[in-house]
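Shown below: input.cif, with mmCIF, C-alpha atoms.
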data_data
#
loop_
_atom_site.group_PDB
_atom_site.id
_atom_site.type_symbol
_atom_site.label_atom_id
_atom_site.label_comp_id
_atom_site.auth_asym_id
_atom_site.auth_seq_id
_atom_site.Cartn_x
_atom_site.Cartn_y
_atom_site.Cartn_z
ATOM 1 C CA MET A 1 98.054 125.244 87.006
ATOM 2 C CA ASP A 2 96.516 128.131 85.075
ATOM 3 C CA ASP A 3 99.558 128.195 82.793
ATOM 4 C CA ILE A 4 99.239 124.501 82.010
ATOM 5 C CA PHE A 5 95.522 124.773 81.297
ATOM 6 C CA SER A 6 96.122 127.799 79.074
ATOM 7 C CA LEU A 7 98.047 125.475 76.754
ATOM 8 C CA LEU A 8 95.056 123.123 76.404
ATOM 9 C CA PRO A 9 91.971 123.548 74.210
ATOM 10 C CA ALA A 10 89.117 125.565 75.714
ATOM 11 C CA LYS A 11 86.956 122.493 76.358
ATOM 12 C CA PHE A 12 89.474 121.342 79.010
ATOM 13 C CA GLN A 13 89.596 124.632 80.924
ATOM 14 C CA GLY A 14 87.044 123.374 83.461
ATOM 15 C CA GLY A 15 89.370 120.531 84.441
ATOM 16 C CA LYS A 16 91.349 122.724 86.801
ATOM 17 C CA TRP A 17 89.191 121.792 89.795
ATOM 18 C CA VAL A 18 89.272 118.100 88.887
ATOM 19 C CA VAL A 19 93.068 118.198 88.984
ATOM 20 C CA PHE A 20 92.990 120.142 92.247
ATOM 21 C CA TYR A 21 90.680 117.685 94.053
ATOM 22 C CA ILE A 22 92.538 114.624 92.831
ATOM 23 C CA ALA A 23 95.883 116.228 93.731
ATOM 24 C CA ILE A 24 94.665 116.852 97.292
ATOM 25 C CA ALA A 25 93.523 113.233 97.592
ATOM 26 C CA GLN A 26 96.797 111.898 96.197
ATOM 27 C CA LEU A 27 98.872 114.177 98.411
ATOM 28 C CA PHE A 28 97.108 112.767 101.464
ATOM 29 C CA ASN A 29 97.558 109.280 100.018
ATOM 30 C CA MET A 30 101.310 109.868 99.616
ATOM 31 C CA ILE A 31 101.656 111.196 103.136
ATOM 32 C CA THR A 32 99.888 108.201 104.677
ATOM 33 C CA GLY A 33 100.385 105.610 101.933
ATOM 34 C CA ILE A 34 102.645 103.225 103.816
ATOM 35 C CA ASN A 35 99.878 102.570 106.325
ATOM 36 C CA GLY A 36 98.473 99.794 104.141
ATOM 37 C CA THR A 37 101.824 98.025 104.048
ATOM 38 C CA ILE A 38 102.193 98.335 107.806
ATOM 39 C CA ILE A 39 98.719 96.868 108.378
ATOM 40 C CA VAL A 40 99.125 94.002 105.904
ATOM 41 C CA ASN A 41 102.459 92.971 107.406
ATOM 42 C CA SER A 42 101.264 93.050 110.994
ATOM 43 C CA LYS A 43 99.088 90.804 113.123
ATOM 44 C CA HIS A 44 96.255 93.231 112.321
ATOM 45 C CA TYR A 45 96.221 92.297 108.624
ATOM 46 C CA ARG A 46 92.452 91.606 108.700
ATOM 47 C CA TYR A 47 91.824 95.326 109.073
ATOM 48 C CA ASP A 48 93.119 95.830 105.549
ATOM 49 C CA LEU A 49 89.984 94.133 104.222
ATOM 50 C CA TYR A 50 87.744 96.176 106.521
ATOM 51 C CA THR A 51 89.292 99.496 105.505
ATOM 52 C CA ASN A 52 89.071 98.571 101.825
ATOM 53 C CA VAL A 53 85.367 97.759 102.231
ATOM 54 C CA ILE A 54 84.889 101.166 103.875
ATOM 55 C CA LEU A 55 86.706 102.751 100.915
ATOM 56 C CA VAL A 56 84.368 101.017 98.447
ATOM 57 C CA PHE A 57 81.244 102.157 100.307
ATOM 58 C CA ALA A 58 82.560 105.700 100.766
ATOM 59 C CA THR A 59 83.453 105.888 97.072
ATOM 60 C CA VAL A 60 80.074 104.609 95.887
ATOM 61 C CA ILE A 61 78.097 106.873 98.231
ATOM 62 C CA THR A 62 80.105 110.035 97.546
ATOM 63 C CA ASN A 63 80.090 109.381 93.798
ATOM 64 C CA TYR A 64 76.339 108.839 93.793
ATOM 65 C CA PHE A 65 75.533 112.140 95.462
ATOM 66 C CA LEU A 66 78.302 114.320 94.074
ATOM 67 C CA ILE A 67 78.109 113.222 90.434
ATOM 68 C CA LEU A 68 74.402 114.064 90.369
ATOM 69 C CA LYS A 69 75.079 117.552 91.693
ATOM 70 C CA TYR A 70 78.498 118.469 90.216
ATOM 71 C CA GLY A 71 79.145 116.134 87.266
ATOM 72 C CA ILE A 72 82.827 115.479 86.547
ATOM 73 C CA ASP A 73 83.865 117.781 89.389
ATOM 74 C CA GLY A 74 81.743 115.588 91.651
ATOM 75 C CA VAL A 75 83.822 112.535 90.754
ATOM 76 C CA ALA A 76 86.967 114.393 91.760
ATOM 77 C CA MET A 77 85.316 115.633 94.955
ATOM 78 C CA ALA A 78 84.274 112.061 95.767
ATOM 79 C CA ILE A 79 87.880 110.944 95.359
ATOM 80 C CA ALA A 80 89.026 113.877 97.504
ATOM 81 C CA ILE A 81 86.671 112.683 100.250
ATOM 82 C CA SER A 82 87.013 108.894 99.963
ATOM 83 C CA ILE A 83 90.794 108.527 99.740
ATOM 84 C CA PRO A 84 91.635 110.793 102.710
ATOM 85 C CA LEU A 85 88.843 109.188 104.760
ATOM 86 C CA PHE A 86 90.218 105.732 103.940
ATOM 87 C CA ASN A 87 93.750 106.756 104.875
ATOM 88 C CA LEU A 88 92.598 108.601 107.988
ATOM 89 C CA ILE A 89 90.867 105.441 109.228
ATOM 90 C CA ARG A 90 94.056 103.463 108.582
ATOM 91 C CA LEU A 91 96.112 106.142 110.321
ATOM 92 C CA ILE A 92 93.873 105.989 113.400
ATOM 93 C CA LEU A 93 93.960 102.186 113.320
ATOM 94 C CA ILE A 94 97.765 102.138 113.316
ATOM 95 C CA LYS A 95 97.895 104.714 116.115
ATOM 96 C CA VAL A 96 95.394 102.790 118.275
ATOM 97 C CA LYS A 97 96.610 99.240 117.570
ATOM 98 C CA MET A 98 100.369 99.816 117.205
ATOM 99 C CA ASN A 99 100.950 103.233 118.796
ATOM 100 C CA MET A 100 102.674 104.509 115.640
ATOM 101 C CA HIS A 101 102.146 107.504 113.389
ATOM 102 C CA PRO A 102 104.060 108.939 110.431
ATOM 103 C CA PHE A 103 103.936 112.592 111.447
ATOM 104 C CA SER A 104 106.279 114.768 113.450
ATOM 105 C CA LEU A 105 106.862 118.440 114.098
ATOM 106 C CA GLN A 106 108.960 118.431 110.899
ATOM 107 C CA THR A 107 105.847 117.402 108.944
ATOM 108 C CA ILE A 108 103.922 120.414 110.207
ATOM 109 C CA LYS A 109 106.849 122.710 109.408
ATOM 110 C CA THR A 110 107.076 121.269 105.900
ATOM 111 C CA ILE A 111 103.358 121.799 105.284
ATOM 112 C CA LEU A 112 103.645 125.403 106.494
ATOM 113 C CA LEU A 113 106.646 125.884 104.211
ATOM 114 C CA LEU A 114 104.635 124.606 101.244
ATOM 115 C CA PHE A 115 101.862 127.095 102.005
ATOM 116 C CA VAL A 116 104.376 129.938 102.203
ATOM 117 C CA ILE A 117 105.887 128.918 98.859
ATOM 118 C CA PHE A 118 102.424 128.563 97.305
ATOM 119 C CA PHE A 119 101.439 132.089 98.303
ATOM 120 C CA THR A 120 104.859 133.425 97.309
ATOM 121 C CA LEU A 121 104.280 132.119 93.785
ATOM 122 C CA ASP A 122 101.155 134.252 93.499
ATOM 123 C CA SER A 123 103.255 137.366 93.956
ATOM 124 C CA LEU A 124 105.788 136.467 91.252
ATOM 125 C CA PRO A 125 105.551 138.409 88.001
ATOM 126 C CA ASN A 126 104.160 136.508 85.016
ATOM 127 C CA SER A 127 105.116 136.840 81.399
ATOM 128 C CA SER A 128 102.654 136.402 78.576
ATOM 129 C CA TYR A 129 104.218 133.032 77.726
ATOM 130 C CA ALA A 130 102.893 130.003 79.604
ATOM 131 C CA PHE A 131 106.010 127.878 78.980
ATOM 132 C CA VAL A 132 108.271 130.588 80.368
ATOM 133 C CA ASP A 133 106.072 130.977 83.443
ATOM 134 C CA ILE A 134 105.980 127.222 84.068
ATOM 135 C CA ILE A 135 109.772 126.940 83.870
ATOM 136 C CA TRP A 136 110.384 130.125 85.858
ATOM 137 C CA GLU A 137 107.993 129.173 88.666
ATOM 138 C CA SER A 138 109.315 125.596 88.809
ATOM 139 C CA ILE A 139 112.871 126.856 89.252
ATOM 140 C CA VAL A 140 111.792 129.286 91.975
ATOM 141 C CA VAL A 141 109.852 126.563 93.832
ATOM 142 C CA PHE A 142 112.786 124.167 93.594
ATOM 143 C CA ILE A 143 115.299 126.706 94.890
ATOM 144 C CA LEU A 144 113.035 127.994 97.688
ATOM 145 C CA PHE A 145 111.944 124.539 98.824
ATOM 146 C CA ILE A 146 115.365 122.858 98.791
ATOM 147 C CA SER A 147 117.002 125.872 100.438
ATOM 148 C CA ALA A 148 114.374 126.018 103.187
ATOM 149 C CA VAL A 149 114.468 122.254 103.762
ATOM 150 C CA MET A 150 118.230 122.428 104.158
ATOM 151 C CA TYR A 151 118.232 125.573 106.302
ATOM 152 C CA PHE A 152 115.508 124.375 108.682
ATOM 153 C CA LYS A 153 116.773 120.759 108.576
ATOM 154 C CA LEU A 154 113.299 119.461 107.745
ATOM 155 C CA SER A 155 114.539 116.215 106.218
ATOM 156 C CA GLU A 156 117.565 114.260 107.351
ATOM 157 C CA ASP A 157 117.499 112.269 104.103
ATOM 158 C CA ILE A 158 117.558 115.327 101.838
ATOM 159 C CA ASN A 159 120.281 116.972 103.930
ATOM 160 C CA GLU A 160 122.417 113.805 103.740
ATOM 161 C CA VAL A 161 122.015 113.593 99.959
ATOM 162 C CA ILE A 162 122.982 117.231 99.533
ATOM 163 C CA ILE A 163 126.017 116.802 101.785
ATOM 164 C CA GLU A 164 127.111 113.791 99.713
ATOM 165 C CA VAL A 165 126.637 115.712 96.457
ATOM 166 C CA ARG A 166 128.687 118.610 97.845
ATOM 167 C CA LYS A 167 131.462 116.192 98.841
ATOM 168 C CA LYS A 168 131.535 114.670 95.354
ATOM 169 C CA ILE A 169 131.622 118.068 93.714
ATOM 170 C CA SER A 170 134.425 119.305 95.983
ATOM 171 C CA ARG A 171 136.521 116.200 95.185
ATOM 172 C CA GLN A 172 136.408 116.973 91.484
#

Once you've parsed the file, please lay out its structure as structure tokens.
Amino acid sequence: MDDIFSLLPAKFQGGKWVVFYIAIAQLFNMITGINGTIIVNSKHYRYDLYTNVILVFATVITNYFLILKYGIDGVAMAIAISIPLFNLIRLILIKVKMNMHPFSLQTIKTILLLFVIFFTLDSLPNSSYAFVDIIWESIVVFILFISAVMYFKLSEDINEVIIEVRKKISRQ
């Protein structure tokens, strides 16, 4: 993130925390995002309206207080509070009403793996060129993550795709 912001004009340097807060909110949204589809296509479809109303109120309230105190960072913080709260309510609703949830032991292992990779990146040497660092770190993350996912069998889908790619390559 620092490398990307180093490429931008100085007036955008403060945007690092905005990106961080919104990324956290969107990550949670991606993890639990199908909950809305499950609710809408079930007999509990009315709860979609209720959860959306809660999202509106949570967004307005958090924006009101956090913008006054933190400005543009407050908007991002409000998003980082409202979106996960909204999705957490939907997650609980689906667990209570339908006895379903999207998480497994593999999810926890994957999150731990991401933390390990994140902290590993901090120990990598940096050059004085932001583009080089961005490319270098992206390659390292890709190799570490895919290798670990395959080794620990964290995703059946990814393992199947890689097996198919290996078969195609070996045929050629």

Would you mind reading off the distance between CA of Asn29 in chain A and CA of Leu85 in chain A, one decimal, in Å?
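It comes out at 9.9 Å.
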
Which residues of range 25-77 of chain A come within 12 Å of range 104-125 of chain A, and what is each one's closest atom pair and distance in Å (one decimal), counting all atoms listed in the file, sorted by chain and residue number, as JSON lines?
{"residue": "A:Leu27", "atom": "CA", "partner": "A:Ile111", "partner_atom": "CA", "distance": 11.2}
{"residue": "A:Phe28", "atom": "CA", "partner": "A:Ile111", "partner_atom": "CA", "distance": 11.6}
{"residue": "A:Ile31", "atom": "CA", "partner": "A:Thr107", "partner_atom": "CA", "distance": 9.5}
{"residue": "A:Thr32", "atom": "CA", "partner": "A:Thr107", "partner_atom": "CA", "distance": 11.8}

Between CA of Ser82 in chain A and CA of Phe20 in chain A, what is the distance, to one decimal in Å?
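CA of Phe20 in chain A lies 14.9 Å from CA of Ser82 in chain A.
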
If you take every atom of range 146-149 of chain A that the file lists and fit an axis-aligned box around them with 4 Å extra on each side, what centre and edge lengths come out in Å to one decimal, as JSON?
{"center_x": 115.7, "center_y": 124.1, "center_z": 101.3, "size_x": 10.6, "size_y": 11.8, "size_z": 13.0}

So, with only C-alpha atoms as the atoms that count, which of A:Phe86, A:Ile163, A:Ile135, A:Met1 lies closest to Leu55 in chain A?
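Answer, going by the shortest atom-to-atom distance: A:Phe86.
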
Determine the residue membership of the PyMOL selection byres ((chain A and resi 33-48) around 12) for the file above and supply it as a count of residues only.
34

Under the rule that all atoms listed in the file are counted, which of A:Val56, A:Ile72, A:Val140, A:Ala130 is the nearest residue to Asp3 in chain A?
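So, comparing all the options, the nearest one is A:Ala130.
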
Can you list what the PyMOL selection byres ((chain A and resi 76) around 9) grabs from this structure, as an NGL selection string?
:A and (17-22 or 25 or 63 or 66 or 72-75 or 77-81)

Pairwise distance for CA of Glu164 in chain A and CA of Ile139 in chain A, rounded to one decimal in Å:
22.0 Å

Using only C-alpha atoms, determine which residues lie at most 12 Å from Ser6 in chain A, disregarding the query and same-chain residues fewer than 5 positions distant; provide the list as a ChimeraX atom specification.
/A:1,11-16,128-131,133-134
